[in-house]
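Taking it in order: structure first as structure tokens, then the write-up.
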Amino acid sequence: MGNKLISMMKKDGKDGSKSKRMNRSQRKLLADEEMLHRRALSMAIHQAQLSQRFDGSMSRRVGSTSTRKQRTLSDPFSNGKQVPDFSTESLTVKKFVLVHGEGFGAWCWYKIVAALEESGLSPTTVDLTGSGFNMTDTNSVSTLEEYSKPLIEHLENLPEEEKVILVGHSTGGASISYALERFPEKISKAIFVCATMVSDGQRPFDVFSEELGSAERFMKESQFLIYGNGQDKPPTGFMFEKQHMKGLYFNQSPNKDIALAMISMRPVPLGPVMEKVSLTAERYGKGRRFYVQTLDDRALSPDVQEKIVRENSPEGVFKIKGSDHCPFFSKPQSLHKILLEIAQIP
């Protein structure tokens, strides 16, 4: 019994040393993540100050953080698990363009940008018109073409033979669909992350009808509508109250990222999400499309995402367990890994 106890103590001693090493590693990851978050928060606060001149309701986007229990780690390598070794040498396309969804901005991708860069890839983020640091008044954005202009200009300015991998989140799926129709020759792959992968003639809003009701009903009855041109004119945008946003988008996200979003999110232009998208088999139809499903999503339920996949037949489908509508916050490691996997598909 005594020898067994001594043996167990020795093993415990070794494990303790290993635990200390792991703790140091985890502390470094936490420190790196904290630095990234501070930068993102600083930029968000600056953005908020700038955007007040266009949005008098800015104060209702700033609120206390959720009371949900905060996770120990929320960085791209959460729980101390490193992404498997990855070599970029075999990749012909190494550039990603990350496109945010409704109300978000380029800021929401900060963890994914860091993770892709560490993998030797070259990510770029864009602020769609009236989003993030793009200070266009959201009330003036009435078409998908206007809304997607920063993305289209980025693609237009690419060198002639260069291709990119587009990644679109939520309604950002409509923008990357529009881009795929415009520039199929410049897009190697299009990745829809719990996104609106629409069919020809479909509105991006229609994808959310299960949660929000029909477009016609939403336009008549929603309490979240914004009338930027006056109450006697058609609505120009919408924005959920912070408690609704937390419930819809962030039910699995870390508290600090929820706080970042509460400061940073802006109203959503209504025109682009209500516009019927024109897509052709000759251009959009020839693009390589992939879909990433989020299985704890309350904004776009898993059943709706399954329907999207059935109706649009992407080349590949990937699933993230335990992710809310914002996997770049709630499951960044899983999303990062999937992006790498898709990049490597010949």
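The chains in the structure tokens are called A, B, ... from first to last as shown; in each chain the residues are counted from 1, and the ligands are counted from 1 in the order shown.
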Would you list the contacts of Leu270 in chain A as a tab-separated table (two decimals) with N, CA and C atoms, in the first residue's frame, taking every protein, DNA or RNA residue within 10 Å and counting only C-alpha atoms, but skipping same-chain residues closer than 5 positions in sequence?
```tsv
chain	number	residue	atom	x	y	z
A	102	GLU	N	-25.73	40.81	-41.27
A	102	GLU	CA	-26.54	41.98	-40.94
A	102	GLU	C	-26.19	42.58	-39.59
A	138	THR	N	-26.99	54.25	-43.01
A	138	THR	CA	-27.69	53.02	-43.40
A	138	THR	C	-29.06	53.30	-44.02
A	139	ASN	N	-29.66	54.42	-43.66
A	139	ASN	CA	-30.98	54.75	-44.21
A	139	ASN	C	-30.93	55.05	-45.71
A	140	SER	N	-29.73	55.30	-46.22
A	140	SER	CA	-29.60	55.65	-47.64
A	140	SER	C	-29.26	54.43	-48.52
A	141	VAL	N	-29.09	53.27	-47.90
A	141	VAL	CA	-28.70	52.07	-48.65
A	141	VAL	C	-29.95	51.28	-48.99
A	142	SER	N	-30.30	51.26	-50.26
A	142	SER	CA	-31.59	50.67	-50.64
A	142	SER	C	-31.51	49.43	-51.52
A	143	THR	N	-30.32	49.11	-52.05
A	143	THR	CA	-30.20	47.95	-52.94
A	143	THR	C	-29.04	47.06	-52.52
A	144	LEU	N	-29.09	45.81	-52.94
A	144	LEU	CA	-28.00	44.87	-52.67
A	144	LEU	C	-26.72	45.32	-53.37
A	205	PHE	N	-34.23	37.91	-46.92
A	205	PHE	CA	-35.10	37.89	-45.75
A	205	PHE	C	-35.92	36.61	-45.67
A	219	MET	N	-42.77	43.90	-42.52
A	219	MET	CA	-42.80	45.30	-42.95
A	219	MET	C	-43.97	46.07	-42.34
A	225	LEU	N	-38.49	48.13	-36.80
A	225	LEU	CA	-38.27	48.90	-38.02
A	225	LEU	C	-37.78	50.32	-37.72
A	226	ILE	N	-36.98	50.85	-38.64
A	226	ILE	CA	-36.47	52.21	-38.54
A	226	ILE	C	-37.00	53.01	-39.72
A	234	PRO	N	-41.86	54.67	-46.30
A	234	PRO	CA	-41.54	53.27	-46.04
A	234	PRO	C	-40.33	53.14	-45.11
A	235	PRO	N	-40.27	52.07	-44.33
A	235	PRO	CA	-39.11	51.88	-43.44
A	235	PRO	C	-37.82	51.71	-44.23
A	236	THR	N	-36.74	52.13	-43.63
A	236	THR	CA	-35.44	52.09	-44.30
A	236	THR	C	-34.49	51.05	-43.70
A	237	GLY	N	-34.78	50.58	-42.50
A	237	GLY	CA	-33.88	49.63	-41.87
A	237	GLY	C	-34.54	48.98	-40.67
A	238	PHE	N	-33.78	48.17	-39.98
A	238	PHE	CA	-34.28	47.59	-38.74
A	238	PHE	C	-33.11	47.27	-37.83
A	239	MET	N	-33.42	47.16	-36.55
A	239	MET	CA	-32.42	46.77	-35.57
A	239	MET	C	-33.10	46.19	-34.34
A	275	GLU	N	-34.65	42.58	-51.25
A	275	GLU	CA	-34.52	42.55	-52.70
A	275	GLU	C	-34.43	41.12	-53.22
```
Using backbone DSSP assignments, extract all strand (DSSP E or B) residues from range 179-332 of chain A; output them as a list in words.
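Selection result, strand (DSSP E or B) within range 179-332 of chain A: Ile187, Ser188, Lys189, Ala190, Ile191, Phe192, Val193, Leu225, Ile226, Gly237, Phe238, Val268, Pro269, Arg289, Phe290, Tyr291, Val292, Gln293, Thr294, Gly316, Val317, Phe318, Lys319 and Ile320 of chain A.
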How would the residues just chosen look if you wrote them out with C-alpha atoms as a PDB file, in the first residue's frame?
```pdb
ATOM      1  CA  ILE A 187     -13.769  33.394 -56.823  1.00  0.00           C
ATOM      2  CA  SER A 188     -12.185  30.020 -56.176  1.00  0.00           C
ATOM      3  CA  LYS A 189     -14.753  28.959 -53.574  1.00  0.00           C
ATOM      4  CA  ALA A 190     -17.660  30.570 -51.737  1.00  0.00           C
ATOM      5  CA  ILE A 191     -18.263  29.501 -48.126  1.00  0.00           C
ATOM      6  CA  PHE A 192     -21.652  30.255 -46.568  1.00  0.00           C
ATOM      7  CA  VAL A 193     -21.465  30.300 -42.754  1.00  0.00           C
ATOM      8  CA  LEU A 225     -38.269  48.903 -38.021  1.00  0.00           C
ATOM      9  CA  ILE A 226     -36.465  52.213 -38.542  1.00  0.00           C
ATOM     10  CA  GLY A 237     -33.877  49.628 -41.869  1.00  0.00           C
ATOM     11  CA  PHE A 238     -34.279  47.587 -38.736  1.00  0.00           C
ATOM     12  CA  VAL A 268     -29.482  46.867 -40.976  1.00  0.00           C
ATOM     13  CA  PRO A 269     -30.463  48.470 -44.308  1.00  0.00           C
ATOM     14  CA  ARG A 289     -20.239  26.650 -52.954  1.00  0.00           C
ATOM     15  CA  PHE A 290     -19.838  25.197 -49.460  1.00  0.00           C
ATOM     16  CA  TYR A 291     -22.109  25.493 -46.450  1.00  0.00           C
ATOM     17  CA  VAL A 292     -21.274  25.588 -42.721  1.00  0.00           C
ATOM     18  CA  GLN A 293     -24.176  24.714 -40.427  1.00  0.00           C
ATOM     19  CA  THR A 294     -24.383  25.914 -36.822  1.00  0.00           C
ATOM     20  CA  GLY A 316     -19.833  20.314 -49.361  1.00  0.00           C
ATOM     21  CA  VAL A 317     -21.574  20.695 -46.003  1.00  0.00           C
ATOM     22  CA  PHE A 318     -19.832  21.079 -42.638  1.00  0.00           C
ATOM     23  CA  LYS A 319     -21.427  21.216 -39.191  1.00  0.00           C
ATOM     24  CA  ILE A 320     -20.368  22.922 -35.963  1.00  0.00           C
TER      25      ILE A 320
END
```
Using only C-alpha atoms, which residue out of A:Ser323, A:Ser90, A:Ser175, A:Ser222 lies closest to Pro254 in chain A?
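Using only C-alpha atoms, the shortest distance to Pro254 in chain A belongs to A:Ser323.
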What's the 9 Å shell around range 161-167 of chain A, counting only C-alpha atoms, without same-chain residues fewer than 4 positions away, as a VMD selection string?
chain A and resid 92 to 100 155 172 to 173 176 180 185 to 193 339 343
Resulting file, chosen residues, N, CA and C atoms, as a compact mmCIF listing (two decimals), in the first residue's frame:
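Dumped to result_10.txt:
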```txt
# COMPACT_ATOMS: atom_id res chain seq x y z
N THR A 92 -3.22 26.67 -54.03
CA THR A 92 -3.11 27.62 -55.13
C THR A 92 -3.78 28.95 -54.79
N VAL A 93 -4.77 28.89 -53.89
CA VAL A 93 -5.46 30.10 -53.43
C VAL A 93 -5.30 30.21 -51.92
N LYS A 94 -4.65 31.29 -51.48
CA LYS A 94 -4.37 31.48 -50.06
C LYS A 94 -5.07 32.70 -49.47
N LYS A 95 -5.79 33.42 -50.31
CA LYS A 95 -6.42 34.66 -49.85
C LYS A 95 -7.90 34.45 -49.58
N PHE A 96 -8.30 34.84 -48.37
CA PHE A 96 -9.69 34.79 -47.95
C PHE A 96 -10.25 36.21 -47.88
N VAL A 97 -11.49 36.36 -48.28
CA VAL A 97 -12.20 37.62 -48.07
C VAL A 97 -13.41 37.31 -47.20
N LEU A 98 -13.43 37.89 -46.00
CA LEU A 98 -14.45 37.60 -45.00
C LEU A 98 -15.53 38.68 -45.02
N VAL A 99 -16.78 38.26 -45.21
CA VAL A 99 -17.89 39.19 -45.38
C VAL A 99 -18.89 38.99 -44.24
N HIS A 100 -19.14 40.04 -43.49
CA HIS A 100 -20.01 39.96 -42.31
C HIS A 100 -21.47 39.91 -42.69
N LEU A 155 -13.00 43.09 -55.31
CA LEU A 155 -12.81 42.06 -56.33
C LEU A 155 -12.39 42.67 -57.66
N GLY A 172 -24.72 38.10 -45.16
CA GLY A 172 -23.55 38.28 -46.02
C GLY A 172 -23.52 37.26 -47.13
N GLY A 173 -24.31 36.17 -46.95
CA GLY A 173 -24.42 35.18 -48.01
C GLY A 173 -25.01 35.77 -49.29
N ILE A 176 -22.13 37.60 -51.08
CA ILE A 176 -21.16 36.76 -51.79
C ILE A 176 -21.84 36.03 -52.97
N LEU A 180 -20.49 36.34 -56.65
CA LEU A 180 -20.25 35.14 -57.46
C LEU A 180 -20.91 35.27 -58.82
N GLU A 185 -15.11 34.21 -62.18
CA GLU A 185 -13.72 33.88 -62.54
C GLU A 185 -12.72 34.30 -61.47
N LYS A 186 -13.13 35.15 -60.54
CA LYS A 186 -12.23 35.63 -59.49
C LYS A 186 -12.41 34.90 -58.16
N ILE A 187 -13.43 34.05 -58.10
CA ILE A 187 -13.77 33.39 -56.82
C ILE A 187 -13.51 31.90 -56.93
N SER A 188 -12.53 31.44 -56.17
CA SER A 188 -12.19 30.02 -56.18
C SER A 188 -13.27 29.19 -55.50
N LYS A 189 -13.71 29.64 -54.34
CA LYS A 189 -14.75 28.96 -53.57
C LYS A 189 -15.55 30.00 -52.80
N ALA A 190 -16.80 29.70 -52.55
CA ALA A 190 -17.66 30.57 -51.74
C ALA A 190 -18.17 29.74 -50.57
N ILE A 191 -17.90 30.23 -49.34
CA ILE A 191 -18.26 29.50 -48.13
C ILE A 191 -19.36 30.28 -47.40
N PHE A 192 -20.49 29.64 -47.22
CA PHE A 192 -21.65 30.25 -46.57
C PHE A 192 -21.71 29.76 -45.12
N VAL A 193 -21.47 30.66 -44.18
CA VAL A 193 -21.47 30.30 -42.75
C VAL A 193 -22.81 30.66 -42.14
N LEU A 339 -12.55 26.13 -42.39
CA LEU A 339 -12.04 26.97 -43.47
C LEU A 339 -10.76 26.40 -44.06
N ALA A 343 -10.28 25.01 -47.88
CA ALA A 343 -9.19 25.58 -48.70
C ALA A 343 -8.35 24.49 -49.35
```
Taking only range 218-259 of chain A into account, list the residues labelled alpha helix (DSSP H) by DSSP (computed from the backbone), as an NGL selection string.
:A and (218-221 or 242-249 or 255-259)
To one decimal place, how far is CA of Leu340 in chain A from CA of Ser119 in chain A in Å?
8.6 Å
Taking 5 positions as the minimum chain separation for residues in the same chain, which residues sit within 10 Å of Glu311 in chain A when counting only C-alpha atoms? Answer as a list in words.
Met197, Val198, Ser199, Gln305 and Glu306 of chain A
Dump C-alpha atoms for the selected residues as a CSV table (one decimal), in the first residue's frame?
```
chain,number,residue,atom,x,y,z
A,197,MET,CA,-27.7,30.8,-49.7
A,198,VAL,CA,-30.6,32.0,-51.9
A,199,SER,CA,-32.0,30.8,-55.1
A,305,GLN,CA,-30.2,25.4,-42.6
A,306,GLU,CA,-31.0,21.8,-43.6
```
Name the closest residue to Ala115 in chain A among the candidates A:Leu248, A:Gln344, A:Arg203, A:Leu335; distances are taken between atoms, counting only C-alpha atoms.
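Result for the nearest residue to Ala115 in chain A: A:Leu335.
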